[in-house]
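K.L.:
One file is attached below, protein_9.txt, containing compact mmCIF, C-alpha atoms and all ligand atoms.
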# COMPACT_ATOMS: atom_id res chain seq x y z
CA MET A 1 106.25 112.89 71.67
CA ALA A 2 104.11 114.81 74.21
CA THR A 3 105.70 115.41 77.62
CA HIS A 4 103.54 115.59 80.75
CA LYS A 5 105.64 117.46 83.28
CA VAL A 6 104.58 116.73 86.87
CA GLY A 7 105.92 119.02 89.59
CA ILE A 8 106.47 117.01 92.78
CA ILE A 9 106.95 118.66 96.16
CA MET A 10 109.21 116.30 98.11
CA ASN A 11 108.92 117.07 101.84
CA GLY A 12 111.28 115.34 104.29
CA VAL A 13 113.53 114.44 101.37
CA THR A 14 116.75 114.93 103.36
CA GLY A 15 115.84 111.91 105.54
CA ARG A 16 116.98 108.33 105.02
CA MET A 17 113.96 107.19 102.99
CA GLY A 18 113.41 110.50 101.22
CA THR A 19 116.97 110.74 99.91
CA ASN A 20 117.84 107.14 99.09
CA GLN A 21 114.64 105.42 98.05
CA HIS A 22 112.46 108.26 96.80
CA LEU A 23 114.74 110.93 95.36
CA LEU A 24 117.84 109.06 94.16
CA ARG A 25 116.54 105.58 93.36
CA SER A 26 113.06 106.59 92.19
CA ILE A 27 112.52 110.14 90.92
CA MET A 28 116.08 110.79 89.68
CA ALA A 29 116.23 107.28 88.19
CA ILE A 30 112.96 107.97 86.33
CA ILE A 31 114.34 111.28 85.03
CA ALA A 32 117.59 109.55 83.99
CA GLN A 33 115.67 106.97 81.96
CA GLY A 34 113.79 109.75 80.17
CA GLY A 35 110.56 109.62 82.20
CA VAL A 36 107.67 107.16 82.36
CA ARG A 37 106.45 106.13 78.90
CA LEU A 38 102.72 106.18 78.21
CA GLY A 39 102.39 104.23 74.97
CA ASP A 40 104.43 105.35 71.96
CA ASN A 41 103.70 109.04 71.99
CA ASP A 42 103.54 110.31 75.57
CA VAL A 43 105.96 110.49 78.45
CA ILE A 44 105.61 111.64 82.07
CA LEU A 45 108.54 113.67 83.33
CA PRO A 46 108.75 114.31 87.08
CA ASP A 47 110.08 117.70 88.17
CA PRO A 48 110.96 117.53 91.87
CA ILE A 49 111.26 120.42 94.30
CA LEU A 50 113.06 119.50 97.52
CA VAL A 51 111.38 120.80 100.68
CA GLY A 52 112.63 120.81 104.25
CA ARG A 53 113.62 122.98 107.18
CA ASP A 54 117.38 123.24 106.65
CA GLU A 55 118.63 125.31 103.70
CA ALA A 56 122.16 123.96 103.83
CA LYS A 57 121.01 120.36 103.76
CA LEU A 58 118.61 121.03 100.89
CA ALA A 59 121.27 122.85 98.87
CA ALA A 60 123.74 120.01 99.45
CA LEU A 61 121.21 117.35 98.47
CA GLY A 62 120.14 119.39 95.43
CA ALA A 63 123.77 119.61 94.30
CA ARG A 64 124.32 115.89 94.91
CA ALA A 65 121.19 114.81 93.07
CA GLY A 66 121.31 117.46 90.35
CA VAL A 67 118.03 119.12 91.40
CA LYS A 68 117.87 122.89 91.04
CA ARG A 69 114.53 123.51 92.76
CA TRP A 70 114.50 123.45 96.56
CA SER A 71 112.74 125.47 99.25
CA THR A 72 112.22 125.81 102.99
CA ARG A 73 108.80 127.40 102.35
CA LEU A 74 106.24 124.65 101.92
CA GLY A 75 103.39 127.16 101.53
CA GLU A 76 105.03 128.81 98.53
CA THR A 77 105.67 125.49 96.80
CA LEU A 78 102.02 124.53 97.35
CA ALA A 79 100.85 127.82 95.84
CA ASP A 80 102.64 127.02 92.57
CA PRO A 81 100.19 125.31 90.17
CA ALA A 82 103.10 123.58 88.37
CA ASN A 83 103.51 121.41 91.48
CA GLN A 84 100.70 118.89 91.20
CA VAL A 85 101.85 116.24 93.67
CA TYR A 86 102.76 116.56 97.35
CA PHE A 87 105.03 113.78 98.60
CA ASP A 88 105.70 113.34 102.32
CA ALA A 89 108.56 111.32 103.85
CA THR A 90 108.87 113.37 107.03
CA VAL A 91 108.65 111.70 110.43
CA THR A 92 105.30 109.98 110.97
CA GLY A 93 103.87 112.42 113.55
CA GLN A 94 104.40 115.29 111.15
CA ARG A 95 102.63 113.64 108.19
CA PRO A 96 98.96 114.64 108.81
CA ALA A 97 99.86 118.33 109.09
CA GLY A 98 101.77 118.29 105.78
CA VAL A 99 99.13 116.24 103.98
CA ARG A 100 96.34 118.53 105.19
CA GLN A 101 98.21 121.62 104.03
CA ALA A 102 98.61 119.99 100.61
CA LEU A 103 94.95 118.94 100.49
CA ALA A 104 93.92 122.54 101.13
CA ALA A 105 95.95 123.42 98.00
CA LYS A 106 94.26 120.55 96.08
CA LYS A 107 97.46 118.64 95.42
CA HIS A 108 97.54 114.91 94.75
CA ILE A 109 99.04 113.11 97.74
CA TYR A 110 101.72 110.43 97.82
CA CYS A 111 103.29 109.56 101.15
CA GLU A 112 105.27 107.16 103.25
CA LYS A 113 103.67 104.82 105.74
CA PRO A 114 102.43 104.99 108.46
CA THR A 115 100.10 107.71 107.17
CA ALA A 116 99.34 108.81 110.75
CA THR A 117 99.95 107.63 114.30
CA THR A 118 96.29 106.69 114.98
CA LEU A 119 93.61 104.92 112.95
CA ALA A 120 91.16 107.78 113.51
CA GLU A 121 93.58 110.27 111.94
CA ALA A 122 94.57 107.91 109.11
CA VAL A 123 90.92 107.37 108.16
CA ALA A 124 90.23 111.10 108.44
CA LEU A 125 93.07 111.84 105.99
CA SER A 126 91.65 109.33 103.53
CA ARG A 127 88.17 110.88 103.74
CA GLU A 128 89.55 114.41 103.45
CA ALA A 129 91.51 113.44 100.31
CA GLU A 130 88.38 111.96 98.80
CA ALA A 131 86.37 115.08 99.67
CA ALA A 132 89.08 117.26 98.09
CA GLY A 133 88.72 115.22 94.89
CA VAL A 134 92.45 114.48 94.65
CA LYS A 135 94.29 111.23 94.01
CA SER A 136 96.25 109.56 96.78
CA GLY A 137 98.89 106.90 97.20
CA VAL A 138 100.78 105.35 100.09
CA VAL A 139 104.12 103.53 99.85
CA GLN A 140 103.61 99.74 99.89
CA ASP A 141 107.02 98.91 98.48
CA LYS A 142 107.32 95.28 99.60
CA LEU A 143 104.71 94.30 96.98
CA TRP A 144 107.23 95.05 94.22
CA LEU A 145 110.23 93.26 95.72
CA PRO A 146 111.52 90.72 93.18
CA GLY A 147 111.10 87.91 95.74
CA LEU A 148 107.47 88.79 96.39
CA ILE A 149 106.72 89.15 92.67
CA LYS A 150 107.96 85.57 92.18
CA LEU A 151 105.88 84.43 95.15
CA LYS A 152 102.77 86.07 93.70
CA ARG A 153 103.40 84.22 90.44
CA LEU A 154 103.53 80.90 92.31
CA ILE A 155 100.31 81.75 94.17
CA ASP A 156 98.48 82.79 91.00
CA GLY A 157 99.64 79.63 89.23
CA GLY A 158 98.22 77.43 92.01
CA PHE A 159 101.66 76.04 92.99
CA PHE A 160 100.82 75.77 96.70
CA GLY A 161 97.48 73.97 96.47
CA LYS A 162 95.72 75.20 99.59
CA ILE A 163 97.93 77.67 101.45
CA LEU A 164 98.12 76.69 105.10
CA SER A 165 100.56 79.04 106.80
CA VAL A 166 103.09 81.83 106.33
CA ARG A 167 106.15 82.48 108.48
CA GLY A 168 107.65 85.93 108.09
CA GLU A 169 111.04 86.63 109.61
CA PHE A 170 112.15 90.25 109.42
CA GLY A 171 115.05 91.90 111.13
CA TYR A 172 118.72 92.45 111.75
CA TRP A 173 120.96 93.81 114.45
CA VAL A 174 120.66 97.59 114.80
CA PHE A 175 123.75 98.86 116.57
CA THR A 176 123.04 100.74 119.77
CA GLY A 177 125.22 103.69 118.78
CA GLU A 178 127.48 103.27 121.84
CA HIS A 179 130.55 101.91 120.02
CA ASP A 180 129.24 101.37 116.49
CA LYS A 181 127.39 103.95 114.43
CA LEU A 182 123.61 103.33 114.50
CA GLN A 183 122.09 102.52 111.09
CA ARG A 184 118.53 103.67 111.79
CA PRO A 185 117.32 107.05 113.14
CA SER A 186 117.27 107.24 116.96
CA TRP A 187 113.59 108.34 116.97
CA ASN A 188 112.66 104.78 115.96
CA TYR A 189 113.35 103.72 119.58
CA ARG A 190 111.41 106.54 121.31
CA LYS A 191 107.65 106.21 121.76
CA GLU A 192 107.33 109.95 122.38
CA ASP A 193 108.68 110.50 118.83
CA ASP A 194 106.29 107.91 117.29
CA GLY A 195 108.95 105.19 117.13
CA GLY A 196 108.42 101.46 117.64
CA ILE A 197 108.65 98.43 115.38
CA ILE A 198 104.93 97.54 115.71
CA MET A 199 103.83 100.85 114.17
CA ASP A 200 106.62 100.56 111.61
CA MET A 201 106.31 96.96 110.45
CA LEU A 202 102.67 95.93 110.97
CA CYS A 203 101.75 98.55 108.34
CA HIS A 204 103.84 96.50 105.89
CA TRP A 205 102.53 93.12 106.99
CA ARG A 206 98.97 94.37 106.50
CA TYR A 207 99.28 94.99 102.76
CA VAL A 208 101.55 91.98 102.22
CA ILE A 209 98.99 89.63 103.81
CA ASP A 210 95.90 91.38 102.35
CA ASN A 211 97.33 91.28 98.82
CA LEU A 212 98.88 87.80 98.85
CA PHE A 213 97.02 85.65 101.37
CA GLY A 214 93.61 87.26 101.91
CA GLU A 215 92.33 90.00 104.18
CA VAL A 216 93.53 89.90 107.80
CA THR A 217 90.70 89.05 110.20
CA ALA A 218 92.36 88.86 113.64
CA LEU A 219 95.71 89.22 115.37
CA SER A 220 97.65 88.56 118.50
CA CYS A 221 100.80 90.57 119.12
CA LEU A 222 103.49 90.57 121.76
CA GLY A 223 105.93 93.45 121.70
CA ALA A 224 109.17 93.87 123.59
CA THR A 225 111.80 96.50 124.27
CA HIS A 226 114.80 94.22 124.38
CA VAL A 227 117.49 96.90 124.39
CA PRO A 228 116.76 99.47 127.13
CA GLN A 229 119.33 102.11 126.23
CA ARG A 230 120.76 103.41 122.96
CA TRP A 231 122.96 106.33 121.89
CA ASP A 232 121.58 108.99 119.53
CA GLU A 233 123.05 110.70 116.44
CA ALA A 234 125.02 113.05 118.74
CA GLY A 235 126.39 110.13 120.76
CA LYS A 236 124.16 110.96 123.75
CA PRO A 237 122.65 108.01 125.66
CA TYR A 238 118.84 107.85 125.84
CA LYS A 239 116.23 105.51 127.27
CA CYS A 240 114.44 103.32 124.73
CA THR A 241 110.73 103.80 125.29
CA ALA A 242 109.44 102.07 122.15
CA ASP A 243 109.18 98.40 121.17
CA ASP A 244 112.15 97.04 119.21
CA ALA A 245 110.68 93.57 118.54
CA ALA A 246 107.21 92.24 117.75
CA TYR A 247 105.98 88.66 117.67
CA ALA A 248 102.63 88.72 115.88
CA THR A 249 100.21 86.11 114.58
CA PHE A 250 97.48 86.94 112.07
CA THR A 251 94.60 84.94 110.61
CA THR A 252 93.07 85.65 107.22
CA ARG A 253 89.59 85.35 105.78
CA ASP A 254 90.88 82.39 103.76
CA GLY A 255 92.00 80.61 106.94
CA VAL A 256 95.74 81.13 106.45
CA VAL A 257 97.77 81.46 109.67
CA CYS A 258 100.53 84.05 109.28
CA HIS A 259 103.17 84.53 111.93
CA PHE A 260 105.62 87.41 111.59
CA ASN A 261 108.63 88.05 113.81
CA SER A 262 109.96 91.58 113.42
CA SER A 263 113.08 92.59 115.31
CA TRP A 264 115.92 95.07 115.38
CA CYS A 265 117.67 92.86 117.94
CA VAL A 266 118.47 89.69 115.96
CA ARG A 267 121.46 88.57 113.97
CA VAL A 268 120.84 87.24 110.49
CA ARG A 269 121.33 83.53 109.75
CA ARG A 270 118.73 83.11 107.02
CA ASP A 271 118.50 83.82 103.31
CA ASP A 272 117.75 87.53 103.63
CA LEU A 273 116.74 90.40 105.93
CA LEU A 274 113.12 89.52 105.23
CA THR A 275 112.10 85.95 104.45
CA LEU A 276 108.62 84.52 104.04
CA GLN A 277 108.07 80.76 104.15
CA VAL A 278 104.74 79.76 102.63
CA ASP A 279 103.55 76.19 103.17
CA GLY A 280 100.71 74.66 101.18
CA THR A 281 99.27 71.22 100.56
CA GLN A 282 101.04 70.91 97.19
CA GLY A 283 104.23 72.81 97.81
CA SER A 284 106.20 75.34 99.81
CA ALA A 285 108.35 78.35 99.00
CA VAL A 286 110.79 80.58 100.82
CA VAL A 287 111.26 84.07 99.46
CA GLY A 288 113.76 86.74 100.36
CA LEU A 289 114.01 90.27 99.02
CA ARG A 290 115.08 89.00 95.60
CA ASP A 291 115.18 85.20 95.49
CA CYS A 292 112.56 82.51 95.76
CA PHE A 293 113.13 78.79 96.43
CA ALA A 294 110.34 76.26 96.07
CA GLN A 295 109.76 72.63 96.99
CA SER A 296 106.88 70.69 95.49
CA LEU A 297 105.07 67.84 97.23
CA ALA A 298 106.85 65.40 94.91
CA ALA A 299 110.26 66.71 96.02
CA THR A 300 109.40 66.75 99.72
CA PRO A 301 111.75 64.51 101.74
CA ARG A 302 110.30 62.06 104.27
CA CYS A 303 111.79 63.50 107.44
CA VAL A 304 112.37 61.17 110.37
CA TRP A 305 113.36 62.43 113.79
CA ASN A 306 116.55 60.77 115.03
CA PRO A 307 119.04 63.03 116.76
CA ASP A 308 121.27 60.03 117.54
CA LEU A 309 122.52 59.97 113.93
CA ALA A 310 123.88 62.75 111.76
CA ALA A 311 121.09 63.81 109.35
CA GLU A 312 121.46 62.14 105.94
CA THR A 313 119.17 64.59 104.23
CA LYS A 314 120.64 67.95 103.33
CA TYR A 315 117.47 69.92 103.83
CA PHE A 316 118.53 72.83 101.62
CA ASP A 317 119.22 70.53 98.62
CA ASP A 318 115.59 69.69 97.83
CA TRP A 319 114.61 73.26 96.95
CA ASP A 320 114.60 74.69 93.42
CA ARG A 321 115.38 78.29 92.65
CA VAL A 322 112.39 79.92 90.96
CA ALA A 323 113.50 81.36 87.62
CA ALA A 324 113.53 85.11 87.11
CA ASP A 325 111.66 85.81 83.89
CA GLU A 326 111.83 89.54 84.15
CA VAL A 327 114.35 92.06 85.41
CA CYS A 328 112.80 93.79 88.42
CA ASP A 329 113.31 97.48 89.02
CA ASN A 330 113.62 99.15 92.44
CA ALA A 331 110.36 98.48 94.28
CA PHE A 332 109.85 102.13 95.34
CA LYS A 333 110.47 103.27 91.74
CA VAL A 334 107.96 100.79 90.34
CA GLN A 335 105.27 102.13 92.67
CA TRP A 336 106.19 105.75 91.84
CA GLU A 337 105.78 104.99 88.13
CA LEU A 338 102.36 103.45 88.76
CA PHE A 339 101.33 106.47 90.84
CA LEU A 340 102.46 108.93 88.15
CA LYS A 341 100.43 107.00 85.55
CA HIS A 342 97.48 107.16 87.95
CA VAL A 343 97.85 110.94 88.23
CA VAL A 344 98.34 111.64 84.53
CA ARG A 345 96.26 108.97 82.81
CA GLY A 346 93.96 107.77 85.59
CA ASP A 347 95.36 104.20 85.66
CA PRO A 348 94.00 102.16 88.60
CA PHE A 349 95.96 102.60 91.82
CA PRO A 350 94.37 100.79 94.79
CA TRP A 351 97.24 101.56 97.21
CA ASN A 352 95.67 104.79 98.41
CA LEU A 353 95.21 106.53 101.78
CA LEU A 354 92.47 104.04 102.72
CA ALA A 355 94.87 101.13 102.10
CA GLY A 356 97.42 103.06 104.18
CA ALA A 357 94.86 103.46 106.98
CA LYS A 358 94.43 99.67 107.07
CA GLY A 359 98.12 99.40 107.90
CA VAL A 360 97.77 101.89 110.74
CA GLN A 361 94.71 99.94 111.94
CA LEU A 362 96.71 96.71 112.20
CA ALA A 363 99.54 98.46 114.03
CA GLU A 364 97.15 100.13 116.45
CA LEU A 365 95.39 96.83 117.15
CA GLY A 366 98.79 95.15 117.56
CA LEU A 367 99.69 97.62 120.28
CA GLN A 368 96.29 97.04 121.90
CA SER A 369 96.68 93.25 121.73
CA TRP A 370 100.07 93.52 123.43
CA ALA A 371 98.76 95.87 126.14
CA GLU A 372 95.67 93.71 126.84
CA ARG A 373 97.43 90.35 126.29
CA ARG A 374 94.68 89.03 123.98
CA TRP A 375 93.54 88.19 120.42
CA ILE A 376 91.67 91.00 118.67
CA ASP A 377 89.36 90.88 115.63
CA VAL A 378 90.18 93.30 112.82
CA PRO A 379 87.01 95.10 111.67
CA SER A 380 86.64 95.84 107.97
CA LEU A 381 87.37 99.47 107.11
CA VAL A 382 85.22 99.71 103.99
N1 LIG A 401 108.53 102.19 103.31
C1 LIG A 401 109.48 101.80 104.14
O1 LIG A 401 109.99 100.69 104.03
C2 LIG A 401 109.95 102.71 105.22
C3 LIG A 401 111.17 102.42 105.87
C4 LIG A 401 111.61 103.28 106.87
C5 LIG A 401 110.88 104.39 107.22
N2 LIG A 401 109.69 104.65 106.60
C6 LIG A 401 108.88 105.81 106.97
O2 LIG A 401 109.42 106.97 106.34
C7 LIG A 401 109.33 108.09 107.21
C8 LIG A 401 110.72 108.72 107.36
O3 LIG A 401 111.60 107.78 107.96
P1 LIG A 401 113.19 107.92 107.85
O4 LIG A 401 113.76 106.62 108.30
O5 LIG A 401 113.57 108.45 106.52
O6 LIG A 401 113.46 109.02 108.97
P2 LIG A 401 114.57 110.17 109.02
O7 LIG A 401 114.65 110.60 110.44
O8 LIG A 401 115.84 109.71 108.35
O9 LIG A 401 113.98 111.34 108.11
C9 LIG A 401 112.91 112.14 108.54
C10 LIG A 401 112.82 113.40 107.71
O10 LIG A 401 111.76 114.21 108.28
C11 LIG A 401 112.28 115.50 108.58
N3 LIG A 401 111.61 116.00 109.80
C12 LIG A 401 111.83 115.61 111.07
N4 LIG A 401 111.03 116.30 111.91
C13 LIG A 401 110.29 117.14 111.14
C14 LIG A 401 109.32 118.14 111.42
N5 LIG A 401 108.91 118.38 112.66
N6 LIG A 401 108.78 118.80 110.37
C15 LIG A 401 109.18 118.55 109.09
N7 LIG A 401 110.11 117.62 108.78
C16 LIG A 401 110.66 116.94 109.79
C17 LIG A 401 113.77 115.31 108.76
O11 LIG A 401 114.49 116.52 108.56
C18 LIG A 401 114.08 114.26 107.70
O12 LIG A 401 114.19 114.88 106.43
C19 LIG A 401 108.73 107.59 108.51
O13 LIG A 401 107.37 107.87 108.56
C20 LIG A 401 108.95 106.09 108.46
O14 LIG A 401 107.95 105.37 109.15
C21 LIG A 401 109.24 103.83 105.61
For the file at hand, write its structure as structure tokens.
P.N.:
Amino acid sequence: MATHKVGIIMNGVTGRMGTNQHLLRSIMAIIAQGGVRLGDNDVILPDPILVGRDEAKLAALGARAGVKRWSTRLGETLADPANQVYFDATVTGQRPAGVRQALAAKKHIYCEKPTATTLAEAVALSREAEAAGVKSGVVQDKLWLPGLIKLKRLIDGGFFGKILSVRGEFGYWVFTGEHDKLQRPSWNYRKEDDGGIIMDMLCHWRYVIDNLFGEVTALSCLGATHVPQRWDEAGKPYKCTADDAAYATFTTRDGVVCHFNSSWCVRVRRDDLLTLQVDGTQGSAVVGLRDCFAQSLAATPRCVWNPDLAAETKYFDDWDRVAADEVCDNAFKVQWELFLKHVVRGDPFPWNLLAGAKGVQLAELGLQSWAERRWIDVPSLV
């Protein structure tokens, strides 16, 4: 068995996403399973090096994860030819600087979204990666959620007939930090630190809609800062300057109307933290992170409006759980495995820096739509 060892510089790995999703649940899980198999005779084995600014934090994370290589000197790690991939999960505003440094060293790039804080910069990064002749990838994890995989299967099998509309409901209550510990970083609520739910979530909705329902053609977005003050990691109060909720409607080239509510100021009374309801002429489905429930036209109850009587129909009873044929792995890990195969064997990987730039484009236009209180067309980026 031939082993392809791939050194991966993991910058920003001490953060929430870097530690949990990328290091522990992806890279270390891949190492624990013996690598990524390429046919019967080859295997890809990732070899991470943890990079950040704080030695103590890196040493502690290295000990926790069982990783011996860590460094506070990004330049040195980039100079080592054994490190072929640069991964970036630092804060968004920092990403272009790190990616550019890695491009100068001709490393393949894999990074979190948003790839930059402006479309111009996101497109520039994509062009620069192409010019450097390296491979690139951007996290688009929602595509590999078990619920969305089931939904894709229904779409591909023609279950919906003509798809008419999609309702996305994303969100949960994020504690302010005053009495209860906050469960997201405080920078998320400060514009000056590139926070805001529009920049965060519209990047996701872009690839979800593009990949499942057809390319987005126009949007209208209303943002809000519902909670004006929060308390940071040190317990200090600060003014919230970024949007914490977004109410956005998108149209697609195929004529599907998609409305997504995204909020850190709602309490959950629905199947999951993210649900998508897809309605079509022949059937509907509601997916959460893992589950999918469907209702065909034949099973659709004839609803009659009469609030004077208690409803006879139990609306949740006419939905069937879509069977899980396969066991789904962690969504971030699945995408990492695909990216590693892309790097080593050249497998197709369309989720690159250009795809990432499309997400930034939608977020930027969402902010513009909110500011100008109007619908905006989404120009094609290719
Ligand atoms: N794919 C997803 O679903 C998803 C979810 C949440 C966040 N994200 C993205 O991941 C990135 C990280 O988010 P997070 O929630 O882990 O944030 P975080 O604050 O928990 O982590 C940020 C990391 O960046 C480092 N960092 C901060 N400032 C830096 C600087 N100036 N230079 C170098 N490193 C610096 C921190 O030390 C930390 O390691 C963001 O871009 C965010 O948009 C993606």
K.L.:
When you count only C-alpha atoms, which of these residues is closest to Leu219 of chain A: A:Gln368, A:Thr77, A:Ser284, A:Asn352?
P.N.:
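Answer, going by the shortest atom-to-atom distance: A:Gln368.
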K.L.:
Listing only residues of chain A within 8 Å of ligand LIG 401 (chain A), what is the closest atom pair and its distance in Å (to one decimal) for each, using only C-alpha atoms and all ligand atoms, sorted by chain and residue number ascending, as a Markdown table?
P.N.:
| residue | atom | partner | partner_atom | distance |
| --- | --- | --- | --- | --- |
| A:Asn11 | CA | A:LIG401 | N7 | 7.1 |
| A:Gly12 | CA | A:LIG401 | O12 | 3.6 |
| A:Val13 | CA | A:LIG401 | O12 | 5.1 |
| A:Thr14 | CA | A:LIG401 | O12 | 4.0 |
| A:Gly15 | CA | A:LIG401 | O9 | 3.2 |
| A:Arg16 | CA | A:LIG401 | O5 | 3.7 |
| A:Met17 | CA | A:LIG401 | O5 | 3.8 |
| A:Gly18 | CA | A:LIG401 | O5 | 5.7 |
| A:Thr19 | CA | A:LIG401 | O5 | 7.8 |
| A:Gly52 | CA | A:LIG401 | N7 | 6.1 |
| A:Arg53 | CA | A:LIG401 | C15 | 6.6 |
| A:Asp54 | CA | A:LIG401 | O11 | 7.6 |
| A:Ala89 | CA | A:LIG401 | C7 | 4.7 |
| A:Thr90 | CA | A:LIG401 | O10 | 3.3 |
| A:Val91 | CA | A:LIG401 | O13 | 4.5 |
| A:Thr92 | CA | A:LIG401 | O13 | 3.8 |
| A:Gly93 | CA | A:LIG401 | O13 | 7.6 |
| A:Gln94 | CA | A:LIG401 | N6 | 5.7 |
| A:Arg95 | CA | A:LIG401 | O13 | 7.5 |
| A:Glu112 | CA | A:LIG401 | O2 | 5.2 |
| A:Lys113 | CA | A:LIG401 | C6 | 5.4 |
| A:Pro114 | CA | A:LIG401 | O14 | 5.6 |
| A:Thr115 | CA | A:LIG401 | O13 | 7.4 |
| A:Val139 | CA | A:LIG401 | N1 | 5.8 |
| A:Gln140 | CA | A:LIG401 | N1 | 6.5 |
| A:Asp141 | CA | A:LIG401 | N1 | 6.0 |
| A:Lys142 | CA | A:LIG401 | O1 | 7.5 |
| A:Arg184 | CA | A:LIG401 | O4 | 6.6 |
| A:Pro185 | CA | A:LIG401 | O7 | 5.2 |
| A:Ser186 | CA | A:LIG401 | O7 | 7.8 |
| A:Trp187 | CA | A:LIG401 | O7 | 7.0 |
| A:Asn188 | CA | A:LIG401 | O4 | 8.0 |
| A:Met199 | CA | A:LIG401 | O14 | 7.9 |
| A:Asp200 | CA | A:LIG401 | O14 | 5.6 |
| A:His204 | CA | A:LIG401 | O1 | 7.7 |
K.L.:
Here is a test: counting all atoms listed in the file, which residue of A:Ala29, A:Pro46, A:Gly280, A:Leu289 is nearest to Gly158 of chain A?
P.N.:
A:Gly280
K.L.:
Determine, counting only C-alpha atoms, which protein, DNA and RNA residues have an atom within 8 Å of an atom of Val278 of chain A; residues of the same chain fewer than 6 positions away are not included. Present the result as a PyMOL selection string.
P.N.:
chain A and resi 163-167+284-286
K.L.:
How many Å lie between atom CA of Lys5 of chain A and atom CA of Leu338 of chain A, rounded to one decimal?
P.N.:
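Atom CA of Leu338 of chain A lies 15.4 Å from atom CA of Lys5 of chain A.
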